2 protein chains.
Amino acid sequence: MDIRPTNSELEILNVLWRRGPSSVREVHNILDKRRKTGYTTVLKLMQIMAEKGLVTRDEQNRAHVYSALPAESETQRNLVDDLVDRVFGGSAHKLALHALGSKKATPAELAELRKLLDDLEEQV
Amino acid sequence: MDIRPTNSELEILNVLWRRGPSSVREVHNILDKRRKTGYTTVLKLMQIMAEKGLVTRDEQNRAHVYSALPAESETQRNLVDDLVDRVFGGSAHKLALHALGSKKATPAELAELRKLLDDLEEQV
DNA sequence: AGATAACTACGAAAAGTTTCGTATAATGCA
DNA sequence: TGCATTATACGAAACTTTTCGTAGTTATCT
């Protein structure tokens with residue numbers, strides 16, 4: 001499946017990824033903190049996402065519960081690939097350099113990265 | 001400045017970054033190879049970009065010459081930040097992990113990353 | 001029960017992006 | 001000179017994305 005959510009859809013997916021299955025109200029509460037937004041705006045978006053198959057919806061109770069499809073990593077990969085192609089001329093490691101340079105990582109995160117580097121170098 | 005070009009604008013900026021100052025005709029020739037597109041479509045986009053301040057325009061000669069205004073690296077940073085926020089919940093190192101995992105890097109690139117890691121760890 | 005609050009459904013406006021046709025002016029060349 | 005080519009300007013259509021109001025339904029509370 002080719003999953004390329006819009007920006008607004010991504011914001012919602014992000015909440016679902018982090019919180020797990022959630023109602024519109026719960027998602028709205030979170031998004032509204034960052035940026036004032038109408039309840040029915042979020043509702044409508046989530047309805048559209050359900051139509052598109054970006055989320056599933058449990059209609060058991062009155063307040064429906066939405067879940068992100070189990071494709072988080074795939075979606076992320078698509079978006080990373082897009083960015084690499086469009087902005088970094090296909091060079092993934094340039095993106096990695098940028099990502100590290102822009103925000104400071106914790107020692108634990110650096111260690112994790114170092115481990116990945118070790119693995120990658122061994123493979124060769 | 002807050003620079004968040006649309007996809008079409010990015011394609012044009014990419015050409016300008018690579019070629020340097022160019023006429024609409026030159027940009028169109030390149031874009032048209034990858035994906036058939038009308039000349040006036042590209043013209044209009046570049047006119048809009050000039051209005052927005054994404055490019056400057058030299059009107060000396062009949063065929064105006066456009067130059068990318070935002071630095072490539074600055075734009076890259078903005079877009080990376082966006083992606084980190086919207087898709088990786090603010091965790092830059094997750095993006096880095098993804099970028100490395102998805103496409104294979106050369107040993108030289110891995111070495112470069114390792115060097116950056118060293119620097120970052122020293123700073124702490 | 002009756003009022004209030006919370007929910008979904010849905011149409012449609014508003015805003016943003018992309019595409020292109022037409023008008024018009026400047027240039028090149030037979 | 002006159003015709004074909006190559007430019008820009010610009011309006012507007014075609015799409016996509018985002019926002020929100022309104023209507024109607026279900027639950028909750030006094």
# chains A, B, ... in the order shown; residues from 1 in each chain; ligands from 1

call {"tool": "closest_atom_pairs", "arguments": {"of": "chain B", "to": "chain A", "cutoff": "9 Å", "atoms": "only C-alpha atoms", "output": "CSV"}}
result
residue,atom,partner,partner_atom,distance
B:Asn7,CA,A:Arg86,CA,8.0
B:Leu10,CA,A:Arg86,CA,7.1
B:Glu11,CA,A:Arg86,CA,7.0
B:Asn14,CA,A:Val87,CA,7.3
B:Glu72,CA,A:Val87,CA,8.5
B:Ser73,CA,A:His98,CA,8.9
B:Thr75,CA,A:Val87,CA,8.5
B:Gln76,CA,A:Val87,CA,6.5
B:Arg77,CA,A:His98,CA,6.9
B:Leu79,CA,A:Leu83,CA,8.0
B:Val80,CA,A:Ala99,CA,6.6
B:Asp81,CA,A:Ser102,CA,7.8
B:Leu83,CA,A:Val80,CA,8.0
B:Val84,CA,A:Ala99,CA,8.2
B:Asp85,CA,A:Glu11,CA,8.9
B:Arg86,CA,A:Glu11,CA,5.8
B:Val87,CA,A:Asn14,CA,6.3
B:Phe88,CA,A:Asn14,CA,7.7
B:Gly89,CA,A:Asn14,CA,6.9
B:Ser91,CA,A:Ala105,CA,8.3
B:Ala92,CA,A:Ala99,CA,5.5
B:His93,CA,A:Leu100,CA,6.4
B:Lys94,CA,A:Glu109,CA,8.6
B:Leu95,CA,A:Ala99,CA,6.8
B:Ala96,CA,A:Ala96,CA,4.5
B:Leu97,CA,A:Leu113,CA,6.7
B:His98,CA,A:Arg77,CA,7.0
B:Ala99,CA,A:Ala92,CA,5.5
B:Leu100,CA,A:His93,CA,6.3
B:Gly101,CA,A:Leu116,CA,8.5
B:Ser102,CA,A:Arg77,CA,7.1
B:Lys103,CA,A:Ala92,CA,6.4
B:Lys104,CA,A:Ala92,CA,8.2
B:Ala105,CA,A:His93,CA,6.6
B:Pro107,CA,A:Glu121,CA,7.0
B:Glu109,CA,A:His93,CA,6.6
B:Leu110,CA,A:Leu117,CA,6.8
B:Ala111,CA,A:Leu117,CA,8.8
B:Glu112,CA,A:Leu97,CA,8.7
B:Leu113,CA,A:Leu97,CA,6.7
B:Arg114,CA,A:Arg114,CA,7.1
B:Leu116,CA,A:Leu97,CA,7.8
B:Leu117,CA,A:Leu110,CA,6.7
B:Leu120,CA,A:Leu110,CA,8.2
B:Glu121,CA,A:Pro107,CA,7.0
B:Val124,CA,A:Pro107,CA,8.2

call {"tool": "interface_residues", "arguments": {"of": "chain A", "to": "chain C", "cutoff": "10 Å", "atoms": "only C-alpha atoms (C1' of nucleotides)", "output": "VMD selection string"}}
result
chain A and resid 24 to 25 40 43 to 44 47 62 to 64

call {"tool": "select_by_dssp", "arguments": {"residues": "segment 16-90 of chain B", "states": "helix (DSSP H, G or I)", "output": "JSON, numbers by chain"}}
result
{"B": [16, 17, 18, 19, 24, 25, 26, 27, 28, 29, 30, 31, 32, 33, 34, 39, 40, 41, 42, 43, 44, 45, 46, 47, 48, 49, 50, 51, 52, 72, 73, 74, 75, 76, 77, 78, 79, 80, 81, 82, 83, 84, 85, 86, 87, 88]}

call {"tool": "atom_distance", "arguments": {"atom1": "atom CA of Tyr66 of chain A", "atom2": "atom CA of Pro5 of chain A"}}
result
15.9 Å

call {"tool": "interface_residues", "arguments": {"of": "chain D", "to": "chain A", "cutoff": "12 Å", "atoms": "only C-alpha atoms (C1' of nucleotides)", "output": "JSON, numbers by chain"}}
result
{"D": [16, 17, 18, 19, 20, 21, 22, 25, 26, 27]}

call {"tool": "atom_distance", "arguments": {"atom1": "atom C1' of DT6 of chain D", "atom2": "atom CA of Lys52 of chain B"}}
result
25.9 Å
